[in-house]
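So this one's protein_26.txt, compact mmCIF, C-alpha atoms:
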```
# COMPACT_ATOMS: atom_id res chain seq x y z
CA ARG A 775 7.93 -21.01 -5.69
CA LYS A 776 11.46 -21.78 -6.75
CA PHE A 777 10.53 -22.43 -10.42
CA GLU A 778 9.00 -18.96 -10.68
CA MET A 779 12.22 -17.30 -9.65
CA GLY A 780 13.91 -14.88 -12.04
CA ARG A 781 17.52 -13.75 -12.03
CA PRO A 782 19.16 -10.41 -12.79
CA ALA A 783 20.26 -9.83 -16.39
CA ALA A 784 23.84 -10.80 -17.21
CA LEU A 785 24.54 -7.74 -19.40
CA CYS A 786 27.70 -9.17 -20.92
CA LYS A 787 30.25 -6.43 -21.58
CA LEU A 788 33.16 -6.13 -23.98
CA GLY A 789 36.35 -7.05 -22.14
CA HIS A 790 38.65 -9.87 -21.03
CA LYS A 791 36.69 -13.16 -20.91
CA ARG A 792 34.86 -13.83 -17.64
CA VAL A 793 32.25 -16.61 -17.44
CA ARG A 794 30.32 -17.85 -14.40
CA SER A 795 28.29 -21.06 -14.23
CA VAL A 796 24.74 -20.99 -12.84
CA ARG A 797 22.75 -24.04 -11.79
CA GLY A 798 19.37 -24.20 -13.52
CA ARG A 799 16.28 -26.35 -13.07
CA GLY A 800 16.92 -30.07 -13.35
CA GLY A 801 20.58 -29.63 -12.44
CA ASN A 802 21.35 -28.15 -15.87
CA MET A 803 24.07 -25.54 -16.12
CA LYS A 804 23.92 -22.13 -17.75
CA TYR A 805 27.05 -20.19 -18.45
CA ARG A 806 26.82 -16.47 -17.78
CA ALA A 807 29.32 -14.50 -19.82
CA LEU A 808 29.93 -11.37 -17.79
CA ARG A 809 32.63 -10.22 -20.21
CA ALA A 810 33.70 -11.44 -23.64
CA ASP A 811 36.38 -10.31 -26.09
CA ALA A 812 36.28 -12.95 -28.85
CA GLY A 813 33.88 -15.29 -30.59
CA ASN A 814 33.39 -17.72 -33.43
CA PHE A 815 32.05 -15.82 -36.45
CA ALA A 816 30.87 -17.39 -39.71
CA TRP A 817 31.23 -15.99 -43.21
CA GLY A 818 28.07 -17.38 -44.80
CA THR A 819 28.79 -17.08 -48.51
CA GLU A 820 32.29 -18.56 -48.16
CA HIS A 821 31.23 -21.34 -45.75
CA VAL A 822 34.01 -20.62 -43.27
CA ALA A 823 34.07 -19.73 -39.57
CA LYS A 824 36.96 -18.27 -37.59
CA LYS A 825 37.60 -17.29 -34.00
CA VAL A 826 38.07 -13.51 -34.06
CA ARG A 827 38.39 -10.61 -31.64
CA ILE A 828 35.39 -8.36 -31.09
CA LEU A 829 36.63 -4.79 -31.42
CA ASP A 830 33.60 -2.60 -30.75
CA VAL A 831 29.81 -2.49 -30.34
CA VAL A 832 28.30 -0.24 -33.03
CA TYR A 833 24.52 -0.80 -33.04
CA ASN A 834 21.79 -2.31 -30.92
CA ALA A 835 18.12 -2.10 -31.92
CA THR A 836 17.00 -2.23 -28.28
CA SER A 837 18.78 0.83 -26.94
CA ASN A 838 21.67 3.20 -27.60
CA GLU A 839 22.53 2.78 -23.92
CA LEU A 840 23.68 -0.77 -24.71
CA VAL A 841 25.99 0.60 -27.43
CA ARG A 842 27.42 3.25 -25.09
CA THR A 843 28.16 0.69 -22.35
CA LYS A 844 29.45 -1.85 -24.95
CA THR A 845 26.96 -4.52 -23.87
CA LEU A 846 26.86 -7.75 -25.89
CA THR A 847 23.42 -9.27 -26.39
CA LYS A 848 21.83 -11.36 -29.13
CA ASN A 849 21.43 -9.46 -32.42
CA THR A 850 23.91 -6.74 -31.44
CA ILE A 851 25.92 -5.40 -34.38
CA VAL A 852 29.64 -5.44 -33.61
CA GLN A 853 32.90 -4.72 -35.41
CA ILE A 854 35.27 -7.68 -35.58
CA ASP A 855 38.88 -8.09 -36.64
CA ALA A 856 39.08 -8.99 -40.35
CA HIS A 857 42.60 -10.46 -40.39
CA PRO A 858 41.78 -14.16 -39.77
CA PHE A 859 39.35 -14.05 -42.73
CA MET A 860 41.89 -12.18 -44.87
CA GLN A 861 44.52 -14.86 -44.18
CA TRP A 862 42.05 -17.62 -45.05
CA TYR A 863 41.03 -15.83 -48.28
CA THR A 864 44.67 -15.45 -49.32
CA LYS A 865 45.36 -19.11 -48.65
CA HIS A 866 42.18 -20.33 -50.36
CA TYR A 867 42.08 -18.08 -53.44
CA GLY A 868 45.63 -16.75 -53.69
CA ILE A 869 44.23 -13.19 -53.71
CA GLU A 870 45.23 -10.71 -51.01
CA LEU A 871 42.38 -8.66 -49.57
CA GLY A 872 42.73 -5.22 -48.04
CA LYS A 873 45.21 -3.79 -50.54
CA LYS A 874 44.11 -0.29 -51.52
CA GLY A 875 45.87 0.39 -54.82
CA LYS A 876 46.42 -1.89 -57.80
CA LYS A 877 50.01 -0.59 -58.23
CA GLY A 878 50.89 -1.38 -54.61
CA HIS A 879 49.28 -4.81 -54.98
CA GLY A 880 51.54 -5.81 -57.88
CA ALA A 881 54.71 -4.44 -56.27
CA GLU A 882 54.10 -6.22 -52.97
CA GLU A 883 53.11 -9.46 -54.67
CA GLY A 884 56.45 -9.40 -56.50
CA LYS A 885 58.29 -9.17 -53.17
CA GLU A 886 56.32 -12.00 -51.55
CA ALA A 887 56.63 -14.49 -54.44
CA PRO A 888 60.21 -15.64 -53.58
CA GLU A 889 59.35 -16.08 -49.86
CA GLU A 890 56.53 -18.62 -50.18
CA LYS A 891 56.87 -21.50 -52.60
CA LYS A 892 53.71 -23.20 -53.86
CA SER A 893 53.34 -26.36 -55.87
CA PHE A 894 51.79 -26.20 -59.34
CA LYS A 895 48.78 -28.13 -58.01
CA VAL A 896 48.13 -25.52 -55.29
CA ILE A 897 48.50 -22.67 -57.78
CA GLY A 898 46.13 -24.43 -60.20
CA ASN A 899 43.53 -25.00 -57.47
CA GLN A 900 43.70 -21.36 -56.38
CA LYS A 901 43.29 -20.12 -59.96
CA LYS A 902 40.31 -22.40 -60.53
CA ARG A 903 38.64 -21.17 -57.32
CA ALA A 904 39.44 -17.52 -58.07
CA ALA A 905 37.88 -17.78 -61.56
CA ASN A 906 34.45 -18.49 -60.03
CA GLN A 907 34.87 -16.05 -57.13
CA LYS A 908 33.21 -12.62 -56.97
CA LEU A 909 33.50 -10.64 -53.74
CA ASP A 910 30.88 -8.00 -52.87
CA THR A 911 32.29 -4.45 -53.09
CA THR A 912 30.89 -3.38 -49.70
CA ILE A 913 32.66 -6.29 -48.00
CA GLU A 914 35.85 -5.54 -49.92
CA GLU A 915 35.73 -1.96 -48.57
CA GLN A 916 35.43 -3.33 -45.04
CA PHE A 917 38.46 -5.58 -45.56
CA GLN A 918 40.47 -2.47 -46.49
CA THR A 919 39.68 -0.95 -43.09
CA GLY A 920 40.53 -4.23 -41.34
CA ARG A 921 37.16 -4.36 -39.57
CA LEU A 922 34.02 -6.27 -40.51
CA LEU A 923 30.45 -5.68 -39.34
CA ALA A 924 28.98 -8.78 -37.75
CA CYS A 925 25.86 -9.78 -35.86
CA ILE A 926 25.86 -11.79 -32.62
CA ALA A 927 23.65 -14.87 -33.03
CA SER A 928 24.24 -16.59 -29.67
CA ARG A 929 23.01 -15.45 -26.26
CA PRO A 930 26.12 -14.60 -24.21
CA GLY A 931 24.22 -14.48 -20.90
CA GLN A 932 22.86 -18.01 -21.42
CA SER A 933 25.54 -19.94 -23.31
CA GLY A 934 28.68 -18.09 -22.19
CA ARG A 935 29.73 -17.66 -25.83
CA CYS A 936 29.62 -14.72 -28.17
CA ASP A 937 29.25 -16.24 -31.64
CA GLY A 938 27.69 -14.82 -34.79
CA TYR A 939 27.97 -14.16 -38.50
CA ILE A 940 29.37 -11.53 -40.86
CA LEU A 941 26.77 -9.18 -42.33
CA GLU A 942 26.35 -9.39 -46.12
CA GLY A 943 24.00 -8.24 -48.86
CA GLU A 944 20.65 -6.71 -47.88
CA GLU A 945 21.30 -7.01 -44.16
CA LEU A 946 24.65 -5.20 -44.43
CA ALA A 947 23.07 -2.40 -46.48
CA PHE A 948 20.27 -2.05 -43.89
CA TYR A 949 22.64 -1.70 -40.94
CA LYS A 950 24.97 0.64 -42.87
CA ARG A 951 21.98 2.94 -43.42
CA LYS A 952 21.14 2.74 -39.71
CA LEU A 953 24.71 3.64 -38.76
CA GLU A 954 24.78 6.56 -41.21
CA LYS A 955 21.50 7.84 -39.74
CA LYS A 956 22.92 7.50 -36.22
CA LYS A 957 26.00 9.56 -37.14
CA LYS A 958 23.82 12.49 -38.29
```
For this file, write the structure as structure tokens.
Amino acid sequence: RKFEMGRPAALCKLGHKRVRSVRGRGGNMKYRALRADAGNFAWGTEHVAKKVRILDVVYNATSNELVRTKTLTKNTIVQIDAHPFMQWYTKHYGIELGKKGKKGHGAEEGKEAPEEKKSFKVIGNQKKRAANQKLDTTIEEQFQTGRLLACIASRPGQSGRCDGYILEGEELAFYKRKLEKKKK
């Protein structure tokens, strides 16, 4: 019977975007992502989502083969580009992320001050936000490398998109342990 038919797995890979549409039952369309290189990733604690590049596949609970072949499936742990989130953080809080030393931070901030003029209202809003803000140290370390660990929440072979969320807190600690174990 036609309704019992199965199809081969999409096995979406990391690469330049390539999506094919597939007709499903009832005339509905599925979008098979055969390759994907970017996605919409959310930063849960900050309530912000940005379209970012996926840089690498680092962990998959199903199989190490999927990591080796850079296959994107649901719940795959990937490394994403941190720069769109860094730019948002700077604009929202007036604090630059990813600076390694405190001395370098002050010297560079002195250079940038004449370039960008801000109104007193904007400066006041940023100071008020920054007073209540506390960034997790593990995430701050990731911003210094320019890469964030994220989890894919969508199903690329079904929806044609590769969206997800940035790992934080307990979940981040869990996957960091897994990656350390894998390195040994």
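Closest to Arg929 of chain A among A:Gly780, A:Gly818, A:Gly813, A:Gly872 is A:Gly813, based on only C-alpha atoms.
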Name the closest residue to Val826 of chain A among the candidates A:Lys956, A:His857, A:Lys791, A:Lys804; distances are taken between atoms, counting all atoms listed in the file.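 Smallest separation from Val826 of chain A among the options: A:His857.
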Non-local contacts of Phe777 of chain A (12 Å; all atoms listed in the file; under 6 positions in same chain excluded) as a PyMOL selection string: chain A and resi 798-800
Quote the spacing between atom CA of Ala810 of chain A and atom CA of Leu829 of chain A in Å to one decimal place.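 Here the two named atoms are 10.6 Å from each other.
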Interface rows for segment 828-881 of chain A against segment 930-938 of chain A: nearest pair, Å to one decimal, 12 Å, all atoms listed in the file, as JSON lines:
```
{"residue": "A:Ile828", "atom": "CA", "partner": "A:Cys936", "partner_atom": "CA", "distance": 9.1}
{"residue": "A:Thr845", "atom": "CA", "partner": "A:Pro930", "partner_atom": "CA", "distance": 10.1}
{"residue": "A:Leu846", "atom": "CA", "partner": "A:Pro930", "partner_atom": "CA", "distance": 7.1}
{"residue": "A:Thr847", "atom": "CA", "partner": "A:Pro930", "partner_atom": "CA", "distance": 6.4}
{"residue": "A:Lys848", "atom": "CA", "partner": "A:Pro930", "partner_atom": "CA", "distance": 7.3}
{"residue": "A:Asn849", "atom": "CA", "partner": "A:Gly938", "partner_atom": "CA", "distance": 8.6}
{"residue": "A:Thr850", "atom": "CA", "partner": "A:Gly938", "partner_atom": "CA", "distance": 9.5}
{"residue": "A:Ile851", "atom": "CA", "partner": "A:Gly938", "partner_atom": "CA", "distance": 9.6}
{"residue": "A:Val852", "atom": "CA", "partner": "A:Gly938", "partner_atom": "CA", "distance": 9.7}
{"residue": "A:Gln853", "atom": "CA", "partner": "A:Gly938", "partner_atom": "CA", "distance": 11.4}
{"residue": "A:Ile854", "atom": "CA", "partner": "A:Gly938", "partner_atom": "CA", "distance": 10.4}
```
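Distance-wise, atom CA of Val841 of chain A and atom CA of His790 of chain A end up 17.6 Å apart.
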Please report the interatomic distance between atom CA of Arg921 of chain A and atom CA of Ala905 of chain A in Å with one decimal.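 Between atom CA of Arg921 of chain A and atom CA of Ala905 of chain A the gap works out to 25.8 Å.
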Measuring between only C-alpha atoms, which one of A:Ala927, A:Met860, A:Ala807, A:Ala816 shows the shortest distance to Glu942 of chain A? A:Ala816
